[in-house]
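Q: final-v8.csv (CSV, C-alpha atoms) pasted underneath:
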```csv
chain,number,residue,atom,x,y,z
A,1,MET,CA,54.8,29.8,-3.4
A,2,GLN,CA,56.2,33.0,-1.9
A,3,ARG,CA,53.9,35.8,-1.0
A,4,ASN,CA,54.5,39.3,0.3
A,5,VAL,CA,51.9,40.5,2.8
A,6,THR,CA,52.1,44.3,3.0
A,7,GLY,CA,53.4,45.8,6.2
A,8,MET,CA,57.2,45.6,6.3
A,9,GLN,CA,58.1,47.8,3.4
A,10,GLY,CA,56.3,51.0,4.1
A,11,SER,CA,57.0,53.6,6.8
A,12,LYS,CA,54.8,51.9,9.4
A,13,ILE,CA,56.9,51.4,12.6
A,14,CYS,CA,56.4,48.5,14.9
A,15,SER,CA,54.5,49.4,18.0
A,16,HIS,CA,56.8,47.2,20.1
A,17,ILE,CA,59.5,49.8,19.6
A,18,TYR,CA,57.8,52.6,21.5
A,19,ARG,CA,56.7,50.3,24.3
A,20,ARG,CA,60.3,49.0,24.7
A,21,ILE,CA,61.8,52.5,24.5
A,22,ARG,CA,59.4,53.7,27.2
A,23,SER,CA,60.2,50.7,29.4
A,24,ILE,CA,64.0,51.4,29.2
A,25,ALA,CA,64.0,55.2,29.0
A,26,SER,CA,65.7,55.5,32.4
A,27,GLN,CA,68.4,52.8,31.6
A,28,ILE,CA,71.6,52.9,29.7
A,29,ILE,CA,71.8,50.1,27.2
A,30,PRO,CA,75.3,49.6,26.0
A,31,ALA,CA,75.9,49.4,22.3
A,32,GLY,CA,78.9,47.9,20.4
A,33,THR,CA,80.4,44.7,21.6
A,34,ALA,CA,77.8,42.2,22.7
A,35,GLU,CA,77.8,40.6,26.2
A,36,PRO,CA,78.6,36.8,26.1
A,37,TYR,CA,75.5,34.7,25.8
A,38,ASN,CA,74.5,33.0,29.0
A,39,PHE,CA,72.1,30.1,28.6
A,40,LYS,CA,71.2,29.9,32.3
A,41,ARG,CA,70.4,33.6,32.2
A,42,ALA,CA,68.2,33.0,29.2
A,43,GLN,CA,66.4,30.2,30.9
A,44,GLU,CA,65.7,32.4,33.9
A,45,TYR,CA,64.4,35.3,31.7
A,46,TRP,CA,62.2,33.1,29.5
A,47,LEU,CA,60.3,31.8,32.5
A,48,ASN,CA,58.4,35.0,31.6
A,49,VAL,CA,56.3,34.0,28.6
A,50,PRO,CA,55.3,37.0,26.4
A,51,ARG,CA,51.6,37.8,26.0
A,52,ALA,CA,50.2,38.5,22.6
A,53,GLN,CA,50.0,42.3,23.3
A,54,GLY,CA,53.4,42.5,24.9
A,55,GLY,CA,54.3,43.6,28.4
A,56,ASN,CA,53.2,42.0,31.7
A,57,PRO,CA,54.3,38.5,30.6
A,58,PHE,CA,53.1,35.3,32.3
A,59,ASN,CA,55.6,34.0,34.8
A,60,THR,CA,55.2,30.2,34.8
A,61,HIS,CA,56.5,29.8,38.3
A,62,GLU,CA,53.8,32.1,39.6
A,63,LEU,CA,51.2,30.3,37.5
A,64,MET,CA,51.8,27.2,39.7
A,65,HIS,CA,49.8,28.9,42.4
A,66,LEU,CA,46.7,29.2,40.3
A,67,SER,CA,44.0,26.6,40.3
A,68,ASP,CA,43.6,24.5,37.1
A,69,ASP,CA,40.4,26.4,36.3
A,70,SER,CA,42.0,29.8,36.7
A,71,LEU,CA,45.1,28.7,34.7
A,72,VAL,CA,42.9,27.6,31.8
A,73,GLN,CA,40.8,30.8,31.9
A,74,GLU,CA,44.0,32.9,31.7
A,75,PHE,CA,45.3,30.8,28.8
A,76,ASP,CA,42.0,30.9,26.9
A,77,LYS,CA,41.8,34.7,27.3
A,78,GLU,CA,45.3,35.0,25.8
A,79,MET,CA,44.5,32.6,23.0
A,80,GLU,CA,41.5,34.8,22.0
A,81,ILE,CA,43.8,37.9,21.8
A,82,SER,CA,46.4,35.8,19.9
A,83,ARG,CA,43.9,34.9,17.2
A,84,ARG,CA,43.4,38.6,16.5
A,85,LYS,CA,47.1,39.4,16.2
A,86,GLU,CA,48.1,39.5,12.5
A,87,GLU,CA,51.5,37.7,12.9
A,88,ARG,CA,49.8,34.9,14.9
A,89,LYS,CA,46.8,34.7,12.6
A,90,VAL,CA,49.3,34.1,9.7
A,91,GLY,CA,51.3,31.6,11.7
A,92,PHE,CA,48.3,29.7,12.8
A,93,ALA,CA,46.9,29.5,9.3
A,94,LEU,CA,50.3,28.4,7.8
A,95,ALA,CA,50.7,25.7,10.4
A,96,ALA,CA,47.2,24.3,9.7
A,97,GLU,CA,47.7,24.5,6.0
A,98,SER,CA,51.0,22.6,6.2
A,99,ILE,CA,49.4,19.5,7.7
A,100,ALA,CA,45.9,19.8,6.3
A,101,ASP,CA,46.2,16.7,4.1
A,102,ILE,CA,47.8,14.4,6.7
A,103,GLU,CA,45.4,12.3,8.7
A,104,ALA,CA,47.3,12.1,12.0
A,105,PRO,CA,50.2,14.6,11.7
A,106,LYS,CA,53.0,14.7,14.3
A,107,VAL,CA,54.0,18.2,15.2
A,108,MET,CA,56.9,19.6,17.3
A,109,ASP,CA,56.3,23.0,19.0
A,110,TYR,CA,60.0,24.0,19.6
A,111,GLY,CA,60.4,26.8,22.2
A,112,CYS,CA,56.8,26.4,23.0
A,113,GLY,CA,56.5,28.9,25.9
A,114,MET,CA,52.8,28.5,27.0
A,115,GLY,CA,52.1,26.3,23.9
A,116,TYR,CA,49.9,28.7,21.9
A,117,TYR,CA,50.9,27.3,18.6
A,118,GLY,CA,50.6,23.7,19.6
A,119,PHE,CA,47.2,24.1,21.2
A,120,GLU,CA,45.9,26.0,18.2
A,121,ILE,CA,47.2,23.3,15.9
A,122,MET,CA,45.3,20.7,17.9
A,123,ALA,CA,42.1,22.8,17.8
A,124,ARG,CA,42.3,23.1,14.0
A,125,HIS,CA,43.3,19.6,13.3
A,126,HIS,CA,41.7,17.0,15.5
A,127,GLY,CA,44.1,14.3,14.5
A,128,ALA,CA,47.3,16.2,15.3
A,129,GLN,CA,49.7,15.0,17.9
A,130,VAL,CA,51.9,17.7,19.4
A,131,THR,CA,55.2,17.4,21.2
A,132,PHE,CA,55.9,20.6,23.3
A,133,VAL,CA,59.6,21.4,23.7
A,134,ASP,CA,61.1,24.2,25.8
A,135,ILE,CA,64.2,25.2,27.8
A,136,ASN,CA,62.1,25.8,30.9
A,137,GLU,CA,60.6,23.0,33.0
A,138,ALA,CA,58.0,25.4,34.5
A,139,ASN,CA,56.7,26.3,31.0
A,140,VAL,CA,56.4,22.6,30.2
A,141,SER,CA,54.6,22.0,33.5
A,142,ALA,CA,52.1,24.7,32.8
A,143,ILE,CA,51.3,23.2,29.4
A,144,LYS,CA,50.9,19.8,30.9
A,145,ARG,CA,48.3,21.2,33.4
A,146,ILE,CA,46.4,22.9,30.6
A,147,ALA,CA,46.4,19.8,28.4
A,148,GLU,CA,45.1,17.7,31.3
A,149,ALA,CA,42.3,20.2,32.0
A,150,LYS,CA,41.3,20.2,28.4
A,151,ASN,CA,41.4,16.4,28.1
A,152,LEU,CA,44.2,16.4,25.6
A,153,THR,CA,46.7,14.2,27.3
A,154,SER,CA,46.4,11.5,24.7
A,155,ARG,CA,47.5,13.9,22.0
A,156,VAL,CA,50.5,15.6,23.7
A,157,SER,CA,54.0,14.9,24.9
A,158,TYR,CA,56.6,17.1,26.5
A,159,ILE,CA,60.3,17.6,26.4
A,160,TYR,CA,62.4,19.8,28.7
A,161,ILE,CA,65.7,20.8,27.0
A,162,ARG,CA,68.8,21.1,29.1
A,163,ASP,CA,71.3,21.8,26.3
A,164,GLU,CA,71.6,25.3,24.7
A,165,GLN,CA,72.1,23.7,21.2
A,166,ALA,CA,69.3,21.1,21.7
A,167,ARG,CA,71.9,18.3,21.5
A,168,ASP,CA,70.0,16.3,24.2
A,169,LEU,CA,66.9,15.8,22.0
A,170,SER,CA,66.1,12.2,21.0
A,171,PHE,CA,62.9,10.9,19.4
A,172,ASN,CA,61.7,7.5,18.1
A,173,ILE,CA,59.3,9.2,15.7
A,174,TYR,CA,59.5,11.6,12.8
A,175,PHE,CA,57.6,14.9,12.6
A,176,ASP,CA,55.5,16.2,9.7
A,177,LEU,CA,55.8,19.8,11.0
A,178,ILE,CA,58.2,21.7,13.3
A,179,VAL,CA,57.0,25.1,14.4
A,180,SER,CA,59.4,27.6,16.1
A,181,MET,CA,57.8,31.0,16.3
A,182,GLY,CA,59.7,33.9,17.7
A,183,VAL,CA,62.3,31.6,19.3
A,184,LEU,CA,65.5,31.1,17.1
A,185,HIS,CA,66.3,34.8,17.0
A,186,HIS,CA,66.9,34.7,20.7
A,187,THR,CA,69.9,32.4,20.6
A,188,PRO,CA,73.3,32.5,18.9
A,189,TYR,CA,73.0,28.7,18.3
A,190,ALA,CA,70.1,28.9,15.8
A,191,HIS,CA,72.2,27.1,13.1
A,192,GLN,CA,73.1,24.3,15.5
A,193,ILE,CA,69.5,23.9,16.7
A,194,VAL,CA,68.1,23.7,13.2
A,195,ARG,CA,70.8,21.1,12.4
A,196,ASN,CA,70.0,19.1,15.5
A,197,LEU,CA,66.2,19.2,14.9
A,198,THR,CA,66.5,18.3,11.2
A,199,PRO,CA,67.0,14.5,11.6
A,200,PHE,CA,63.7,14.3,13.4
A,201,LEU,CA,61.7,16.0,10.5
A,202,LYS,CA,60.4,13.7,7.8
A,203,ASP,CA,61.8,14.1,4.3
A,204,GLY,CA,59.5,16.6,2.7
A,205,GLY,CA,58.3,17.9,6.1
A,206,ILE,CA,57.8,21.5,6.9
A,207,PHE,CA,59.7,23.8,9.3
A,208,LEU,CA,57.7,26.9,10.1
A,209,VAL,CA,59.6,29.7,11.7
A,210,MET,CA,59.0,33.4,12.7
A,211,LEU,CA,62.0,35.7,13.1
A,212,TYR,CA,62.7,39.3,13.9
A,213,ASN,CA,63.7,41.2,10.8
A,214,LYS,CA,66.4,43.7,10.1
A,215,THR,CA,63.8,46.5,9.7
A,216,TYR,CA,63.0,46.1,13.4
A,217,LEU,CA,66.7,46.5,14.4
A,218,ARG,CA,67.1,49.6,12.1
A,219,GLN,CA,64.1,51.2,13.6
A,220,MET,CA,65.3,50.5,17.1
A,221,GLU,CA,68.7,52.0,16.3
A,222,SER,CA,67.1,55.0,14.7
A,223,ALA,CA,64.9,55.6,17.8
A,224,VAL,CA,67.9,55.4,20.3
A,225,GLY,CA,70.4,57.1,18.0
A,226,ARG,CA,73.1,54.4,18.1
A,227,ARG,CA,74.1,50.9,16.9
A,228,LEU,CA,72.8,48.0,19.0
A,229,SER,CA,74.6,44.7,19.6
A,230,VAL,CA,72.7,41.4,19.8
A,231,SER,CA,72.6,41.8,23.6
A,232,SER,CA,71.5,45.5,23.6
A,233,PHE,CA,69.0,44.8,20.9
A,234,GLY,CA,67.7,41.9,23.1
A,235,ALA,CA,67.4,44.2,26.1
A,236,MET,CA,65.0,46.4,24.0
A,237,THR,CA,62.9,43.8,22.2
A,238,ASP,CA,61.4,42.5,25.4
A,239,PRO,CA,60.4,44.1,28.8
A,240,VAL,CA,62.7,44.4,31.8
A,241,ILE,CA,61.4,42.0,34.4
A,242,SER,CA,62.6,42.1,38.0
A,243,GLY,CA,65.9,43.6,36.8
A,244,LEU,CA,66.3,40.9,34.1
A,245,THR,CA,66.6,41.7,30.5
A,246,ASN,CA,66.3,39.4,27.4
A,247,PRO,CA,70.0,38.6,26.8
A,248,TYR,CA,69.9,38.1,23.0
A,249,SER,CA,68.0,39.1,19.9
A,250,GLU,CA,69.3,38.7,16.4
A,251,PRO,CA,67.5,40.0,13.2
A,252,TYR,CA,67.1,38.1,10.0
A,253,ASP,CA,66.3,38.9,6.4
A,254,ASP,CA,65.3,36.5,3.6
A,255,ALA,CA,68.9,35.8,2.6
A,256,LYS,CA,70.0,35.1,6.2
A,257,ALA,CA,67.0,32.9,6.9
A,258,LYS,CA,67.8,30.8,3.8
A,259,ARG,CA,71.4,30.3,5.1
A,260,LEU,CA,69.9,29.2,8.4
A,261,PHE,CA,68.0,26.5,6.6
A,262,GLN,CA,70.6,25.3,4.2
A,263,GLY,CA,69.4,22.1,2.5
A,264,TYR,CA,65.8,23.2,2.8
A,265,LYS,CA,63.6,24.8,0.1
A,266,LEU,CA,61.8,28.0,0.9
A,267,ILE,CA,58.2,27.5,0.0
A,268,SER,CA,56.6,30.7,1.4
A,269,ALA,CA,57.6,34.0,3.0
A,270,GLU,CA,55.2,36.2,4.8
A,271,TYR,CA,55.6,39.7,6.3
A,272,PRO,CA,52.5,40.2,8.5
A,273,ASP,CA,54.1,42.6,10.9
A,274,PRO,CA,56.9,45.3,10.5
A,275,CYS,CA,59.0,43.4,13.1
A,276,TYR,CA,58.6,39.8,12.0
A,277,ASN,CA,59.1,37.6,9.0
A,278,THR,CA,57.5,34.2,8.8
A,279,TYR,CA,58.9,31.5,6.6
A,280,ARG,CA,58.0,27.9,5.6
A,281,PHE,CA,60.9,25.7,4.6
A,282,ARG,CA,60.5,22.2,3.2
A,283,LYS,CA,63.1,19.5,4.1
A,284,LEU,CA,64.8,18.1,1.0
A,285,ASN,CA,65.1,14.4,0.8
A,286,ARG,CA,68.9,14.5,0.5
A,287,ILE,CA,69.4,15.9,4.0
```
Take the structure in the file and write it out as structure tokens.
A:
Amino acid sequence: MQRNVTGMQGSKICSHIYRRIRSIASQIIPAGTAEPYNFKRAQEYWLNVPRAQGGNPFNTHELMHLSDDSLVQEFDKEMEISRRKEERKVGFALAAESIADIEAPKVMDYGCGMGYYGFEIMARHHGAQVTFVDINEANVSAIKRIAEAKNLTSRVSYIYIRDEQARDLSFNIYFDLIVSMGVLHHTPYAHQIVRNLTPFLKDGGIFLVMLYNKTYLRQMESAVGRRLSVSSFGAMTDPVISGLTNPYSEPYDDAKAKRLFQGYKLISAEYPDPCYNTYRFRKLNRI
């Protein structure tokens, strides 16, 4: 079933736009030709995990200095905010719905950051087992500490990715659900990553993904009065942190998302926020 949640089609403008414009007002963001994508630069930037309300992200290296109790308190406060955010409310509900009838579902949280989706899935489904996967070892280490403090170690596993196309992933299990929320639009290798994750998803399994949409790009370009490349768009979608900018953001529409998931069947499309589209794709048995 495909539903259309109101929000993207009207004149409402994503609040992220104005926050990003204010944050870069004194900078010159080049348009036109994109800068070459640099995976190490992306790894360095995404040590800064976005908060639900944007700005002032968590730096997972700095979180190492917090006690376990303080880390869990910070995480729990952020989760409460996340549960009130419309795009995350929709994402959390769709993830839970996708595995509701499976007794002990195996879930991959790809590009997990601080693990918001994986932990919420475990909270909603007490039989779920979650594998957290991220390009930053510090992010994975923070999740491990949180899981240990919450007595969830028997239900979790962790993978640190060293390859920009996820070619180094290997599992001896198959997943019922893969979630990748707000991640694949930050890499030029989205197609390769989906292709490399697909063998580990069960036939009939669900891939849940949230992506920036083209409305977001058009509104950004209208606000700054010029075209934006994937690198200059990336520099605007996320805050400047210690002189670092997000190196890549690429928008998607329904047609482009379907091309990204060739061989899958689109089973739902949601538009909970003017900037994001959320899709569920089912893996066809022939893949």
Q: If you take all atoms listed in the file and a cut-off of 12 Å, which residues of region 80-181 of chain A touch region 193-217 of chain A, and what are their nearest atom pairs and distances in Å to one decimal, in chain and number order, as JSON lines?
A:
```
{"residue": "A:Glu87", "atom": "CA", "partner": "A:Met210", "partner_atom": "CA", "distance": 8.6}
{"residue": "A:Arg88", "atom": "CA", "partner": "A:Met210", "partner_atom": "CA", "distance": 9.6}
{"residue": "A:Val90", "atom": "CA", "partner": "A:Met210", "partner_atom": "CA", "distance": 10.2}
{"residue": "A:Gly91", "atom": "CA", "partner": "A:Met210", "partner_atom": "CA", "distance": 8.0}
{"residue": "A:Phe92", "atom": "CA", "partner": "A:Leu208", "partner_atom": "CA", "distance": 10.2}
{"residue": "A:Ala93", "atom": "CA", "partner": "A:Leu208", "partner_atom": "CA", "distance": 11.1}
{"residue": "A:Leu94", "atom": "CA", "partner": "A:Leu208", "partner_atom": "CA", "distance": 7.9}
{"residue": "A:Ala95", "atom": "CA", "partner": "A:Leu208", "partner_atom": "CA", "distance": 7.1}
{"residue": "A:Ala96", "atom": "CA", "partner": "A:Leu208", "partner_atom": "CA", "distance": 10.8}
{"residue": "A:Glu97", "atom": "CA", "partner": "A:Ile206", "partner_atom": "CA", "distance": 10.6}
{"residue": "A:Ser98", "atom": "CA", "partner": "A:Ile206", "partner_atom": "CA", "distance": 6.9}
{"residue": "A:Ile99", "atom": "CA", "partner": "A:Ile206", "partner_atom": "CA", "distance": 8.7}
{"residue": "A:Ile102", "atom": "CA", "partner": "A:Gly205", "partner_atom": "CA", "distance": 11.1}
{"residue": "A:Pro105", "atom": "CA", "partner": "A:Gly205", "partner_atom": "CA", "distance": 10.4}
{"residue": "A:Lys106", "atom": "CA", "partner": "A:Leu201", "partner_atom": "CA", "distance": 9.6}
{"residue": "A:Val107", "atom": "CA", "partner": "A:Leu201", "partner_atom": "CA", "distance": 9.3}
{"residue": "A:Met108", "atom": "CA", "partner": "A:Leu201", "partner_atom": "CA", "distance": 9.1}
{"residue": "A:Asp109", "atom": "CA", "partner": "A:Leu208", "partner_atom": "CA", "distance": 9.8}
{"residue": "A:Tyr110", "atom": "CA", "partner": "A:Leu197", "partner_atom": "CA", "distance": 9.1}
{"residue": "A:Gly111", "atom": "CA", "partner": "A:Val209", "partner_atom": "CA", "distance": 10.9}
{"residue": "A:Tyr117", "atom": "CA", "partner": "A:Leu208", "partner_atom": "CA", "distance": 10.9}
{"residue": "A:Thr131", "atom": "CA", "partner": "A:Phe200", "partner_atom": "CA", "distance": 11.9}
{"residue": "A:Val133", "atom": "CA", "partner": "A:Leu197", "partner_atom": "CA", "distance": 11.2}
{"residue": "A:Ile161", "atom": "CA", "partner": "A:Ile193", "partner_atom": "CA", "distance": 11.4}
{"residue": "A:Asp163", "atom": "CA", "partner": "A:Ile193", "partner_atom": "CA", "distance": 10.0}
{"residue": "A:Glu164", "atom": "CA", "partner": "A:Ile193", "partner_atom": "CA", "distance": 8.4}
{"residue": "A:Gln165", "atom": "CA", "partner": "A:Ile193", "partner_atom": "CA", "distance": 5.2}
{"residue": "A:Ala166", "atom": "CA", "partner": "A:Ile193", "partner_atom": "CA", "distance": 5.7}
{"residue": "A:Arg167", "atom": "CA", "partner": "A:Asn196", "partner_atom": "CA", "distance": 6.3}
{"residue": "A:Asp168", "atom": "CA", "partner": "A:Asn196", "partner_atom": "CA", "distance": 9.1}
{"residue": "A:Leu169", "atom": "CA", "partner": "A:Leu197", "partner_atom": "CA", "distance": 7.9}
{"residue": "A:Ser170", "atom": "CA", "partner": "A:Phe200", "partner_atom": "CA", "distance": 8.2}
{"residue": "A:Phe171", "atom": "CA", "partner": "A:Phe200", "partner_atom": "CA", "distance": 6.9}
{"residue": "A:Asn172", "atom": "CA", "partner": "A:Phe200", "partner_atom": "CA", "distance": 8.5}
{"residue": "A:Ile173", "atom": "CA", "partner": "A:Phe200", "partner_atom": "CA", "distance": 7.1}
{"residue": "A:Tyr174", "atom": "CA", "partner": "A:Phe200", "partner_atom": "CA", "distance": 5.0}
{"residue": "A:Phe175", "atom": "CA", "partner": "A:Leu201", "partner_atom": "CA", "distance": 4.7}
{"residue": "A:Asp176", "atom": "CA", "partner": "A:Gly205", "partner_atom": "CA", "distance": 4.9}
{"residue": "A:Leu177", "atom": "CA", "partner": "A:Ile206", "partner_atom": "CA", "distance": 4.9}
{"residue": "A:Ile178", "atom": "CA", "partner": "A:Phe207", "partner_atom": "CA", "distance": 4.8}
{"residue": "A:Val179", "atom": "CA", "partner": "A:Leu208", "partner_atom": "CA", "distance": 4.7}
{"residue": "A:Ser180", "atom": "CA", "partner": "A:Val209", "partner_atom": "CA", "distance": 4.9}
{"residue": "A:Met181", "atom": "CA", "partner": "A:Met210", "partner_atom": "CA", "distance": 4.5}
```
Q: Let's have the selection written as a CSV table (one decimal), in the coordinates of the input, with C-alpha atoms.
A:
```csv
chain,number,residue,atom,x,y,z
A,87,GLU,CA,51.5,37.7,12.9
A,88,ARG,CA,49.8,34.9,14.9
A,90,VAL,CA,49.3,34.1,9.7
A,91,GLY,CA,51.3,31.6,11.7
A,92,PHE,CA,48.3,29.7,12.8
A,93,ALA,CA,46.9,29.5,9.3
A,94,LEU,CA,50.3,28.4,7.8
A,95,ALA,CA,50.7,25.7,10.4
A,96,ALA,CA,47.2,24.3,9.7
A,97,GLU,CA,47.7,24.5,6.0
A,98,SER,CA,51.0,22.6,6.2
A,99,ILE,CA,49.4,19.5,7.7
A,102,ILE,CA,47.8,14.4,6.7
A,105,PRO,CA,50.2,14.6,11.7
A,106,LYS,CA,53.0,14.7,14.3
A,107,VAL,CA,54.0,18.2,15.2
A,108,MET,CA,56.9,19.6,17.3
A,109,ASP,CA,56.3,23.0,19.0
A,110,TYR,CA,60.0,24.0,19.6
A,111,GLY,CA,60.4,26.8,22.2
A,117,TYR,CA,50.9,27.3,18.6
A,131,THR,CA,55.2,17.4,21.2
A,133,VAL,CA,59.6,21.4,23.7
A,161,ILE,CA,65.7,20.8,27.0
A,163,ASP,CA,71.3,21.8,26.3
A,164,GLU,CA,71.6,25.3,24.7
A,165,GLN,CA,72.1,23.7,21.2
A,166,ALA,CA,69.3,21.1,21.7
A,167,ARG,CA,71.9,18.3,21.5
A,168,ASP,CA,70.0,16.3,24.2
A,169,LEU,CA,66.9,15.8,22.0
A,170,SER,CA,66.1,12.2,21.0
A,171,PHE,CA,62.9,10.9,19.4
A,172,ASN,CA,61.7,7.5,18.1
A,173,ILE,CA,59.3,9.2,15.7
A,174,TYR,CA,59.5,11.6,12.8
A,175,PHE,CA,57.6,14.9,12.6
A,176,ASP,CA,55.5,16.2,9.7
A,177,LEU,CA,55.8,19.8,11.0
A,178,ILE,CA,58.2,21.7,13.3
A,179,VAL,CA,57.0,25.1,14.4
A,180,SER,CA,59.4,27.6,16.1
A,181,MET,CA,57.8,31.0,16.3
```
Q: Tell me, in Å to one decimal, how far CA of Glu62 (chain A) is from CA of Ile159 (chain A).
A: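 Going from CA of Glu62 (chain A) over to CA of Ile159 (chain A) covers 20.7 Å.
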Q: Determine, counting only C-alpha atoms, every residue of protein, DNA or RNA that lies within 12 Å of (68.7, 40.6, 41.3) in the file coordinates, then give the result as a ChimeraX atom specification.
A: /A:41,44-45,240-245
Q: Could you dump the residues just selected with C-alpha atoms as a PDB file, in the frame of the given file?
A:
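Once written, selection_9.pdb looks like this:
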```
ATOM      1  CA  ARG A  41      70.400  33.600  32.200  1.00  0.00           C
ATOM      2  CA  GLU A  44      65.700  32.400  33.900  1.00  0.00           C
ATOM      3  CA  TYR A  45      64.400  35.300  31.700  1.00  0.00           C
ATOM      4  CA  VAL A 240      62.700  44.400  31.800  1.00  0.00           C
ATOM      5  CA  ILE A 241      61.400  42.000  34.400  1.00  0.00           C
ATOM      6  CA  SER A 242      62.600  42.100  38.000  1.00  0.00           C
ATOM      7  CA  GLY A 243      65.900  43.600  36.800  1.00  0.00           C
ATOM      8  CA  LEU A 244      66.300  40.900  34.100  1.00  0.00           C
ATOM      9  CA  THR A 245      66.600  41.700  30.500  1.00  0.00           C
TER      10      THR A 245
END
```
Q: Do you have the CA of Phe132 (chain A)-CA of Cys112 (chain A) distance handy?
A: 5.9 Å
Q: Grab the CA of Val130 (chain A) to CA of Arg84 (chain A) distance for me, in Å with one decimal place.
A: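 Interatomic distance here is 22.7 Å.
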Q: Pick out the closest residue to Ala190 (chain A) from this set: A:Glu250, A:Glu221, A:Asp68, A:Asp238. Count only C-alpha atoms.
A: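 Residue with the minimum atom-to-atom distance to Ala190 (chain A): A:Glu250.
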Q: Which residue out of A:Glu148, A:Glu137, A:Glu35, A:Thr237 has the minimum interatomic distance to Gly54 (chain A) when only C-alpha atoms are used?
A: A:Thr237
Q: Just want the 9 Å neighbourhood of Glu78 (chain A), counted on only C-alpha atoms, with same-chain residues fewer than 3 positions away dropped. Output as JSON, numbers by chain.
A: {"A": [51, 52, 73, 74, 75, 81, 82, 83, 116]}
Q: Might I get the box with edges along x, y and z of the file that holds all atoms of region 85-100 of chain A listed there, padded by 3 Å on every side, given as centre and edge lengths in Å to one decimal, as JSON?
A:
```
{"center_x": 48.7, "center_y": 29.5, "center_z": 11.1, "size_x": 11.6, "size_y": 26.0, "size_z": 16.2}
```
Q: From the set A:Ala104, A:Asn136, A:Ser231, A:Arg124, which residue has the shortest atom-to-atom contact distance to Arg155 (chain A), counting only C-alpha atoms?
A: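 Of all the options, A:Ala104 lies closest to Arg155 (chain A).
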Q: Considering only C-alpha atoms, state which residue in the set A:Leu152, A:Leu260, A:Ala138, A:Ala34 is at the smallest distance from Tyr189 (chain A).
A: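 When distances to Tyr189 (chain A) are compared using only C-alpha atoms, the smallest one comes from A:Leu260.
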Q: Could region 239-251 of chain A be completed with N, CA and C atoms and written as a JSON list (two decimals), in the frame of the given file, please?
A:
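Result went into rebuild_15.json, see below:
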```
[["chain", "number", "residue", "atom", "x", "y", "z"],
["A", 239, "PRO", "N", 60.46, 43.25, 27.60],
["A", 239, "PRO", "CA", 60.40, 44.10, 28.80],
["A", 239, "PRO", "C", 61.46, 43.69, 29.84],
["A", 240, "VAL", "N", 61.88, 44.65, 30.64],
["A", 240, "VAL", "CA", 62.70, 44.40, 31.80],
["A", 240, "VAL", "C", 61.80, 43.81, 32.89],
["A", 241, "ILE", "N", 62.21, 42.67, 33.45],
["A", 241, "ILE", "CA", 61.40, 42.00, 34.40],
["A", 241, "ILE", "C", 62.22, 41.69, 35.66],
["A", 242, "SER", "N", 61.87, 42.31, 36.77],
["A", 242, "SER", "CA", 62.60, 42.10, 38.00],
["A", 242, "SER", "C", 64.09, 42.32, 37.85],
["A", 243, "GLY", "N", 64.46, 43.31, 37.05],
["A", 243, "GLY", "CA", 65.90, 43.60, 36.80],
["A", 243, "GLY", "C", 66.50, 42.77, 35.73],
["A", 244, "LEU", "N", 65.79, 41.78, 35.20],
["A", 244, "LEU", "CA", 66.30, 40.90, 34.10],
["A", 244, "LEU", "C", 65.95, 41.46, 32.77],
["A", 245, "THR", "N", 66.89, 41.34, 31.84],
["A", 245, "THR", "CA", 66.60, 41.70, 30.50],
["A", 245, "THR", "C", 66.81, 40.48, 29.57],
["A", 246, "ASN", "N", 66.12, 40.48, 28.43],
["A", 246, "ASN", "CA", 66.30, 39.40, 27.40],
["A", 246, "ASN", "C", 67.79, 39.53, 26.97],
["A", 247, "PRO", "N", 68.56, 38.45, 27.08],
["A", 247, "PRO", "CA", 70.00, 38.60, 26.80],
["A", 247, "PRO", "C", 70.39, 38.56, 25.33],
["A", 248, "TYR", "N", 69.45, 38.26, 24.42],
["A", 248, "TYR", "CA", 69.90, 38.10, 23.00],
["A", 248, "TYR", "C", 68.73, 38.23, 22.07],
["A", 249, "SER", "N", 68.91, 39.06, 21.04],
["A", 249, "SER", "CA", 68.00, 39.10, 19.90],
["A", 249, "SER", "C", 68.82, 39.37, 18.65],
["A", 250, "GLU", "N", 68.57, 38.58, 17.61],
["A", 250, "GLU", "CA", 69.30, 38.70, 16.40],
["A", 250, "GLU", "C", 68.33, 38.81, 15.20],
["A", 251, "PRO", "N", 68.46, 39.82, 14.35],
["A", 251, "PRO", "CA", 67.50, 40.00, 13.20],
["A", 251, "PRO", "C", 67.92, 39.16, 12.01]]
```
